[in-house]
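The file input-v9.cif contains mmCIF, C-alpha atoms:
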```
data_coords
loop_
_atom_site.label_atom_id
_atom_site.label_comp_id
_atom_site.auth_asym_id
_atom_site.auth_seq_id
_atom_site.Cartn_x
_atom_site.Cartn_y
_atom_site.Cartn_z
CA MET A 1 167.84 137.20 149.48
CA ALA A 2 166.20 135.20 146.72
CA ASN A 3 169.09 132.67 146.72
CA GLN A 4 169.00 131.92 150.42
CA PRO A 5 168.34 128.17 151.17
CA ILE A 6 165.08 127.11 152.86
CA LYS A 7 165.67 126.26 156.43
CA MET A 8 163.72 123.34 157.99
CA ASP A 9 163.36 122.86 161.67
CA ALA A 10 163.48 119.46 163.33
CA GLY A 11 159.65 119.03 163.35
CA ASN A 12 159.33 119.44 159.59
CA LYS A 13 162.14 116.99 158.95
CA VAL A 14 160.47 114.32 161.06
CA LEU A 15 157.13 114.84 159.25
CA LEU A 16 158.80 114.57 155.84
CA PHE A 17 160.58 111.38 156.85
CA ILE A 18 157.36 109.74 158.09
CA SER A 19 155.49 110.70 154.88
CA ALA A 20 158.22 109.17 152.72
CA ILE A 21 158.09 105.90 154.67
CA ALA A 22 154.24 105.77 154.39
CA LEU A 23 154.34 106.37 150.63
CA ALA A 24 156.96 103.66 150.16
CA GLY A 25 154.83 101.23 152.20
CA ALA A 26 151.73 101.95 150.11
CA VAL A 27 153.64 101.30 146.88
CA VAL A 28 155.01 98.02 148.22
CA PHE A 29 151.49 96.94 149.28
CA LEU A 30 149.96 97.69 145.90
CA VAL A 31 152.75 95.86 144.06
CA ALA A 32 152.26 92.83 146.29
CA GLN A 33 148.50 92.79 145.61
CA LEU A 34 149.07 92.99 141.85
CA VAL A 35 151.57 90.13 141.93
CA ASN A 36 149.16 88.02 143.97
CA TRP A 37 146.24 88.66 141.57
CA LEU A 38 148.33 87.79 138.52
CA GLY A 39 149.46 84.62 140.23
CA GLN A 40 145.89 83.54 140.93
CA MET A 41 144.89 84.06 137.30
CA GLY A 42 147.72 81.90 136.09
CA THR A 43 147.07 79.04 138.49
CA ALA A 44 143.23 79.03 138.55
CA GLU A 45 141.70 75.77 137.43
CA ARG A 46 139.50 75.91 134.31
CA THR A 47 136.05 74.41 134.62
CA THR A 48 135.22 72.01 131.77
CA ILE A 49 131.65 71.31 130.62
CA THR A 50 130.26 68.54 128.50
CA GLU A 51 128.67 69.01 125.07
CA GLU A 52 125.25 68.31 126.57
CA GLN A 53 125.73 71.05 129.17
CA LEU A 54 126.85 73.49 126.46
CA THR A 55 123.81 72.67 124.33
CA GLU A 56 121.54 73.14 127.34
CA ARG A 57 123.06 76.54 128.09
CA LEU A 58 122.68 77.71 124.48
CA THR A 59 119.09 76.47 124.08
CA PRO A 60 116.58 79.40 124.09
CA ALA A 61 114.12 79.58 126.92
CA GLY A 62 111.23 79.36 124.43
CA ARG A 63 110.54 78.97 120.70
CA VAL A 64 107.72 79.38 118.21
CA GLU A 65 106.76 76.56 115.89
CA ALA A 66 104.66 77.06 112.75
CA GLY A 67 102.38 74.34 111.50
CA PRO A 68 98.79 73.20 111.23
CA VAL A 69 96.76 73.46 114.38
CA ASP A 70 93.99 71.04 115.08
CA VAL A 71 91.00 73.16 115.97
CA ALA A 72 87.54 71.73 116.21
CA GLU A 73 85.34 73.46 113.66
CA GLU A 74 82.40 75.16 115.26
CA GLU A 75 79.12 75.08 113.45
CA PRO A 76 77.63 78.55 113.00
CA ALA A 77 74.88 79.25 115.48
CA ASP A 78 71.35 79.41 114.12
CA LEU A 79 70.21 83.01 114.11
CA SER A 80 66.65 83.86 114.94
CA PRO A 81 64.73 86.18 112.59
CA GLY A 82 65.01 88.87 115.26
CA ASP A 83 68.81 88.46 115.37
CA ILE A 84 69.04 88.70 111.58
CA TYR A 85 66.90 91.83 111.61
CA GLN A 86 69.06 93.52 114.27
CA ASN A 87 72.34 92.53 112.61
CA VAL A 88 71.46 93.30 108.99
CA CYS A 89 68.13 95.04 108.46
CA ALA A 90 67.73 97.45 111.37
CA ALA A 91 70.15 100.07 110.02
CA CYS A 92 67.68 100.97 107.27
CA HIS A 93 64.32 99.67 108.48
CA ASP A 94 64.60 101.31 111.90
CA THR A 95 65.39 104.69 110.34
CA GLY A 96 63.74 104.63 106.92
CA ALA A 97 67.07 105.23 105.19
CA SER A 98 66.97 105.24 101.36
CA GLY A 99 63.20 104.90 101.43
CA ALA A 100 63.13 101.63 103.36
CA PRO A 101 59.76 101.04 105.09
CA ILE A 102 59.92 101.40 108.87
CA VAL A 103 59.62 98.00 110.50
CA ASP A 104 56.41 98.74 112.43
CA ASP A 105 54.71 100.86 109.74
CA THR A 106 51.57 98.79 109.25
CA ASP A 107 50.16 100.89 106.42
CA GLU A 108 53.35 100.82 104.35
CA TRP A 109 53.93 97.09 104.77
CA SER A 110 50.29 96.26 104.13
CA SER A 111 50.41 98.26 100.92
CA ARG A 112 53.57 96.55 99.71
CA PHE A 113 52.28 93.12 100.65
CA SER A 114 48.95 93.71 98.87
CA ASP A 115 50.57 95.16 95.73
CA LYS A 116 53.49 92.77 95.34
CA GLY A 117 52.77 89.62 97.30
CA MET A 118 55.16 87.56 99.39
CA ASP A 119 57.09 86.06 96.49
CA THR A 120 58.07 89.47 95.14
CA LEU A 121 59.06 90.73 98.59
CA PHE A 122 61.22 87.64 98.99
CA ASP A 123 62.77 88.09 95.54
CA HIS A 124 63.61 91.75 96.13
CA SER A 125 65.11 90.96 99.53
CA ILE A 126 67.23 88.07 98.25
CA ASN A 127 68.38 89.55 94.93
CA GLY A 128 68.27 93.27 95.72
CA PHE A 129 65.95 95.99 94.51
CA ASN A 130 66.57 99.72 93.95
CA ALA A 131 68.68 100.96 96.89
CA MET A 132 68.43 97.68 98.78
CA PRO A 133 71.44 95.39 98.21
CA ALA A 134 71.01 91.64 97.81
CA LYS A 135 70.37 89.96 101.17
CA GLY A 136 70.61 93.33 102.87
CA GLY A 137 74.34 93.42 102.10
CA ASP A 138 75.18 90.19 103.95
CA PRO A 139 75.90 87.44 101.37
CA SER A 140 76.51 84.91 104.16
CA LEU A 141 72.76 84.69 104.81
CA SER A 142 70.88 81.83 103.22
CA ASP A 143 67.76 82.48 101.15
CA ASP A 144 65.65 80.91 103.89
CA GLU A 145 67.15 83.20 106.54
CA VAL A 146 66.27 86.22 104.41
CA ARG A 147 62.69 84.95 103.96
CA ARG A 148 62.31 84.51 107.71
CA ALA A 149 63.62 88.05 108.30
CA VAL A 150 61.05 89.44 105.84
CA ALA A 151 58.26 87.52 107.59
CA TYR A 152 59.54 88.86 110.91
CA MET A 153 59.23 92.47 109.70
CA LEU A 154 55.70 91.83 108.46
CA ASP A 155 54.88 90.33 111.85
CA GLN A 156 56.21 93.45 113.58
CA ALA A 157 53.90 95.53 111.39
CA ASP A 158 50.92 93.29 112.26
CA VAL A 159 50.48 92.22 108.63
CA ASP A 160 48.77 88.83 108.26
CA HIS A 161 50.94 87.25 105.56
CA GLY A 162 50.21 83.57 106.21
CA TRP A 163 53.79 82.47 105.43
CA SER A 164 55.96 80.18 107.52
CA PRO A 165 59.05 78.06 106.74
CA ASP A 166 56.81 74.99 106.75
CA ASN A 167 54.25 76.20 104.21
CA GLY A 168 56.54 78.47 102.23
CA ALA A 169 57.23 75.81 99.62
CA ALA A 170 53.55 75.17 99.08
CA GLU A 171 52.08 78.67 99.24
CA ASN A 172 53.30 82.12 98.38
CA GLY A 173 51.99 83.83 101.51
CA ASN A 174 48.85 85.16 99.85
CA GLY A 175 47.17 81.77 100.20
CA GLU A 176 47.68 81.08 96.48
CA GLU A 177 49.21 77.83 95.34
CA ALA A 178 52.82 78.22 94.19
CA ALA A 179 53.62 77.51 90.59
CA SER A 180 55.00 74.10 89.72
CA GLU A 181 58.67 73.71 88.91
CA GLU A 182 57.83 73.48 85.21
CA GLU A 183 55.83 76.69 85.29
CA GLU A 184 58.57 78.49 87.21
CA ALA A 185 61.20 77.35 84.72
CA ALA A 186 59.05 78.49 81.82
CA ALA A 187 58.47 81.86 83.48
CA GLU A 188 62.22 82.31 84.04
CA GLU A 189 62.98 81.48 80.43
CA GLU A 190 60.36 83.93 79.24
CA ALA A 191 61.70 86.67 81.51
CA ALA A 192 65.25 86.04 80.29
CA ALA A 193 64.07 86.21 76.70
CA GLU A 194 62.32 89.51 77.35
CA GLU A 195 65.46 91.03 78.81
CA THR A 196 67.52 90.39 75.69
CA ALA A 197 64.99 90.29 72.90
CA THR A 198 63.86 93.23 70.81
CA ASN A 199 60.78 93.59 68.68
CA GLY A 200 60.74 93.41 64.90
CA ASN A 201 61.67 97.09 64.59
CA GLY A 202 64.59 96.68 66.99
CA GLU A 203 63.24 99.44 69.24
CA THR A 204 62.18 97.59 72.40
CA VAL A 205 64.53 96.19 75.03
CA ASN A 206 63.18 94.46 78.14
CA GLY A 207 59.80 96.07 77.49
CA ILE A 208 61.35 99.55 77.19
CA ASP A 209 60.16 101.48 74.13
CA LEU A 210 63.37 103.04 72.82
CA ALA A 211 61.45 104.96 70.17
CA ALA A 212 59.97 107.03 73.00
CA GLY A 213 63.43 108.05 74.24
CA ASP A 214 63.95 111.78 74.72
CA ALA A 215 67.58 112.59 73.85
CA THR A 216 67.18 116.23 74.87
CA ARG A 217 66.03 115.28 78.37
CA ALA A 218 68.95 112.90 78.73
CA GLU A 219 71.40 115.59 77.62
CA ASN A 220 70.02 118.17 80.05
CA GLN A 221 69.12 116.04 83.06
CA LEU A 222 70.76 112.62 82.98
CA TYR A 223 74.02 112.39 81.07
CA GLY A 224 75.87 114.82 83.35
CA THR A 225 76.52 111.91 85.72
CA CYS A 226 78.26 110.02 82.92
CA VAL A 227 80.60 112.74 81.65
CA ALA A 228 83.34 112.28 84.27
CA CYS A 229 84.05 108.72 83.09
CA HIS A 230 82.77 108.51 79.53
CA GLY A 231 83.41 112.04 78.28
CA ALA A 232 81.08 114.68 76.88
CA ARG A 233 80.56 112.75 73.65
CA GLY A 234 81.18 109.21 74.86
CA GLN A 235 84.85 109.18 73.85
CA GLY A 236 85.98 107.71 77.19
CA VAL A 237 88.21 109.31 79.81
CA GLY A 238 91.45 107.71 81.00
CA ILE A 239 90.92 104.04 81.81
CA PHE A 240 87.15 104.28 81.31
CA PRO A 241 85.74 102.90 78.06
CA ALA A 242 84.34 104.85 75.14
CA ILE A 243 80.63 104.31 74.51
CA ALA A 244 80.29 106.29 71.30
CA GLY A 245 79.32 104.35 68.19
CA ASN A 246 76.94 101.95 69.94
CA THR A 247 73.28 101.48 69.09
CA ALA A 248 70.46 102.46 71.40
CA GLU A 249 69.58 98.78 71.81
CA PHE A 250 73.11 97.98 72.99
CA ILE A 251 73.18 100.85 75.50
CA ALA A 252 69.71 99.97 76.82
CA GLY A 253 70.65 96.30 77.23
CA ARG A 254 73.73 97.21 79.26
CA LEU A 255 71.85 99.66 81.48
CA VAL A 256 69.09 97.12 82.10
CA ALA A 257 71.70 94.51 83.11
CA TYR A 258 73.51 96.93 85.42
CA ARG A 259 70.21 97.98 86.99
CA ALA A 260 69.37 94.33 87.68
CA GLY A 261 72.72 93.81 89.42
CA GLU A 262 74.10 91.48 86.76
CA THR A 263 77.86 91.27 86.25
CA VAL A 264 78.78 92.86 82.93
CA GLY A 265 82.54 93.21 82.60
CA ASP A 266 85.13 94.51 85.06
CA ASP A 267 83.42 97.87 85.67
CA THR A 268 80.13 96.47 86.94
CA HIS A 269 80.88 97.59 90.51
CA LEU A 270 81.17 101.18 89.23
CA MET A 271 78.14 101.16 86.96
CA ALA A 272 75.61 99.22 89.03
CA PRO A 273 75.15 101.91 91.75
CA ASN A 274 74.52 104.57 89.06
CA ALA A 275 72.05 102.42 87.11
CA ARG A 276 70.20 101.01 90.11
CA ASN A 277 67.67 103.84 90.33
CA LEU A 278 67.15 104.46 86.61
CA SER A 279 63.56 104.20 85.42
CA ASP A 280 62.57 102.66 82.09
CA GLN A 281 62.11 106.17 80.70
CA ASP A 282 65.57 107.20 81.92
CA ILE A 283 67.11 104.23 80.11
CA ALA A 284 65.18 105.00 76.94
CA ASP A 285 66.28 108.66 77.05
CA LEU A 286 69.96 107.87 77.72
CA SER A 287 70.02 105.21 75.01
CA ALA A 288 68.54 107.62 72.48
CA TYR A 289 71.07 110.33 73.37
CA ILE A 290 74.19 108.14 73.51
CA ALA A 291 73.26 106.57 70.16
CA THR A 292 73.82 110.02 68.59
CA PHE A 293 77.52 109.96 69.54
CA ASP A 294 79.79 109.36 66.55
CA GLU A 295 82.70 107.01 67.07
CA SER A 296 85.91 108.99 66.52
#
```

Kindly return the structure encoded in the file as structure tokens.
Amino acid sequence: MANQPIKMDAGNKVLLFISAIALAGAVVFLVAQLVNWLGQMGTAERTTITEEQLTERLTPAGRVEAGPVDVAEEEPADLSPGDIYQNVCAACHDTGASGAPIVDDTDEWSSRFSDKGMDTLFDHSINGFNAMPAKGGDPSLSDDEVRRAVAYMLDQADVDHGWSPDNGAAENGNGEEAASEEEEAAAEEEAAAEETATNGNGETVNGIDLAAGDATRAENQLYGTCVACHGARGQGVGIFPAIAGNTAEFIAGRLVAYRAGETVGDDTHLMAPNARNLSDQDIADLSAYIATFDES
């Protein structure tokens, strides 16, 4: 029974015949479409463009050019004393940070003005003093702008200082006549000489009596800050210099210079903050102690 042929009736034969004709027609149609497409590709006309058109098509939509730009220089706006105070001084004098006198503390400002006078207040504000950096930390300020800011703070504290930009060159704010240029120059020379000179016994630097230095106090209370960089016996640590083998006069002279904010070598920016608050006695004690270090 498995080898018996499949019998098809007349309906199936007609359906098979129609399907074969439809398949043959579809193949003929597809072949005709392919031949037509290939013929169009071979006969299509090529569009030619000129060199100018090609350059235009390849040019970027935008480009960046580097070069000098003509910009009108704007002159910096004149700041009022109040603006200078808010921008530079308020951070400390509004809060009393680092011992700064509060701006409206009449008693404190009156005391400082009476004890030091306007010239000294100006000098400390311009050149720095103790925890206060020069010009309040803004080197772009002119000396006159700093003076006006100081006068502004005194005004806020209701202190009658008598100074103004117009009379500042003639009076010092206490109503006293300012020294002549010759006297000022002589005073500066004398002060410079005092900073570097020593007495006949070689024991005084900048008015500091080195003979009164207490090495034991320096060892117990002061030198601990120095150990990390200079070593326990001044031998130096890493890139930091050795200080052993120097005289007390040398050490005192360097500490005085650092305390004053003077530039002394490449490490001034590291030393100045540590020396800023040293008293004369501290310098005498440290100098006496460090002078005992033997150079190895």

Can you turn the PyMOL selection byres ((chain A and resi 111-119) around 9) into a concrete residue list for this file, as a PDB file with C-alpha atoms, in the coordinates of the input?
```pdb
ATOM      1  CA  THR A 106      51.570  98.790 109.250  1.00  0.00           C
ATOM      2  CA  ASP A 107      50.160 100.890 106.420  1.00  0.00           C
ATOM      3  CA  GLU A 108      53.350 100.820 104.350  1.00  0.00           C
ATOM      4  CA  TRP A 109      53.930  97.090 104.770  1.00  0.00           C
ATOM      5  CA  SER A 110      50.290  96.260 104.130  1.00  0.00           C
ATOM      6  CA  THR A 120      58.070  89.470  95.140  1.00  0.00           C
ATOM      7  CA  LEU A 121      59.060  90.730  98.590  1.00  0.00           C
ATOM      8  CA  PHE A 122      61.220  87.640  98.990  1.00  0.00           C
ATOM      9  CA  ASP A 123      62.770  88.090  95.540  1.00  0.00           C
ATOM     10  CA  HIS A 124      63.610  91.750  96.130  1.00  0.00           C
ATOM     11  CA  VAL A 150      61.050  89.440 105.840  1.00  0.00           C
ATOM     12  CA  ALA A 151      58.260  87.520 107.590  1.00  0.00           C
ATOM     13  CA  LEU A 154      55.700  91.830 108.460  1.00  0.00           C
ATOM     14  CA  VAL A 159      50.480  92.220 108.630  1.00  0.00           C
ATOM     15  CA  HIS A 161      50.940  87.250 105.560  1.00  0.00           C
ATOM     16  CA  TRP A 163      53.790  82.470 105.430  1.00  0.00           C
ATOM     17  CA  ASN A 172      53.300  82.120  98.380  1.00  0.00           C
ATOM     18  CA  GLY A 173      51.990  83.830 101.510  1.00  0.00           C
ATOM     19  CA  ASN A 174      48.850  85.160  99.850  1.00  0.00           C
TER      20      ASN A 174
END
```

Next item on the list: Quick one: pull the distance between atom CA of Met132 of chain A and atom CA of Ala90 of chain A, Å, one decimal.
Entry: 12.6 Å

Next item on the list: Rounded to one decimal place, report the atom CA of Ala91 of chain A-atom CA of Val146 of chain A distance in Å.
Entry: 15.4 Å

Next item on the list: Using all atoms listed in the file, find the one residue out of A:Glu56, A:Ala32, A:Phe250, A:Tyr289 that sits nearest to Gly224 of chain A.
Entry: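 Between A:Glu56, A:Ala32, A:Phe250, A:Tyr289, the residue approaching Gly224 of chain A most closely is A:Tyr289.
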
Checklist line | Hits of the PyMOL selection byres ((chain A and resi 239) around 12) in this structure, as a PyMOL selection string | finding: chain A and resi 228-231+235-238+240-242+266-267

Chain and number of each residue from the PyMOL selection byres ((chain A and resi 84) around 12), as a PDB file with C-alpha atoms, in the frame of the given file:
```pdb
ATOM      1  CA  ALA A  77      74.880  79.250 115.480  1.00  0.00           C
ATOM      2  CA  ASP A  78      71.350  79.410 114.120  1.00  0.00           C
ATOM      3  CA  LEU A  79      70.210  83.010 114.110  1.00  0.00           C
ATOM      4  CA  SER A  80      66.650  83.860 114.940  1.00  0.00           C
ATOM      5  CA  PRO A  81      64.730  86.180 112.590  1.00  0.00           C
ATOM      6  CA  GLY A  82      65.010  88.870 115.260  1.00  0.00           C
ATOM      7  CA  ASP A  83      68.810  88.460 115.370  1.00  0.00           C
ATOM      8  CA  TYR A  85      66.900  91.830 111.610  1.00  0.00           C
ATOM      9  CA  GLN A  86      69.060  93.520 114.270  1.00  0.00           C
ATOM     10  CA  ASN A  87      72.340  92.530 112.610  1.00  0.00           C
ATOM     11  CA  VAL A  88      71.460  93.300 108.990  1.00  0.00           C
ATOM     12  CA  CYS A  89      68.130  95.040 108.460  1.00  0.00           C
ATOM     13  CA  ALA A  90      67.730  97.450 111.370  1.00  0.00           C
ATOM     14  CA  ALA A  91      70.150 100.070 110.020  1.00  0.00           C
ATOM     15  CA  LYS A 135      70.370  89.960 101.170  1.00  0.00           C
ATOM     16  CA  GLY A 136      70.610  93.330 102.870  1.00  0.00           C
ATOM     17  CA  GLY A 137      74.340  93.420 102.100  1.00  0.00           C
ATOM     18  CA  ASP A 138      75.180  90.190 103.950  1.00  0.00           C
ATOM     19  CA  SER A 140      76.510  84.910 104.160  1.00  0.00           C
ATOM     20  CA  LEU A 141      72.760  84.690 104.810  1.00  0.00           C
ATOM     21  CA  SER A 142      70.880  81.830 103.220  1.00  0.00           C
ATOM     22  CA  ASP A 144      65.650  80.910 103.890  1.00  0.00           C
ATOM     23  CA  GLU A 145      67.150  83.200 106.540  1.00  0.00           C
ATOM     24  CA  VAL A 146      66.270  86.220 104.410  1.00  0.00           C
ATOM     25  CA  ARG A 147      62.690  84.950 103.960  1.00  0.00           C
ATOM     26  CA  ARG A 148      62.310  84.510 107.710  1.00  0.00           C
ATOM     27  CA  ALA A 149      63.620  88.050 108.300  1.00  0.00           C
ATOM     28  CA  VAL A 150      61.050  89.440 105.840  1.00  0.00           C
ATOM     29  CA  ALA A 151      58.260  87.520 107.590  1.00  0.00           C
ATOM     30  CA  TYR A 152      59.540  88.860 110.910  1.00  0.00           C
ATOM     31  CA  MET A 153      59.230  92.470 109.700  1.00  0.00           C
TER      32      MET A 153
END
```

Around all of segment 251-267 of chain A's listed atoms, make the axis-aligned box with 3 Å on each side and tell me centre and edge lengths in Å to one decimal, as JSON.
```
{"center_x": 77.1, "center_y": 96.1, "center_z": 82.5, "size_x": 22.0, "size_y": 15.6, "size_z": 19.9}
```

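Here atom CA of Gln221 of chain A stands at a distance of 22.4 Å from atom CA of Thr204 of chain A.
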
Item checked: Within 7 Å of Gln281 of chain A using only C-alpha atoms, minus same-chain residues under 3 positions, as an MDAnalysis selection string -> chainID A and resid 213 284:285

Would you save the residues of that selection, restricted to C-alpha atoms, as a PDB file, keeping the file's coordinate frame?
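And here's part.pdb as it stands now:
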```pdb
ATOM      1  CA  GLY A 213      63.430 108.050  74.240  1.00  0.00           C
ATOM      2  CA  ALA A 284      65.180 105.000  76.940  1.00  0.00           C
ATOM      3  CA  ASP A 285      66.280 108.660  77.050  1.00  0.00           C
TER       4      ASP A 285
END
```
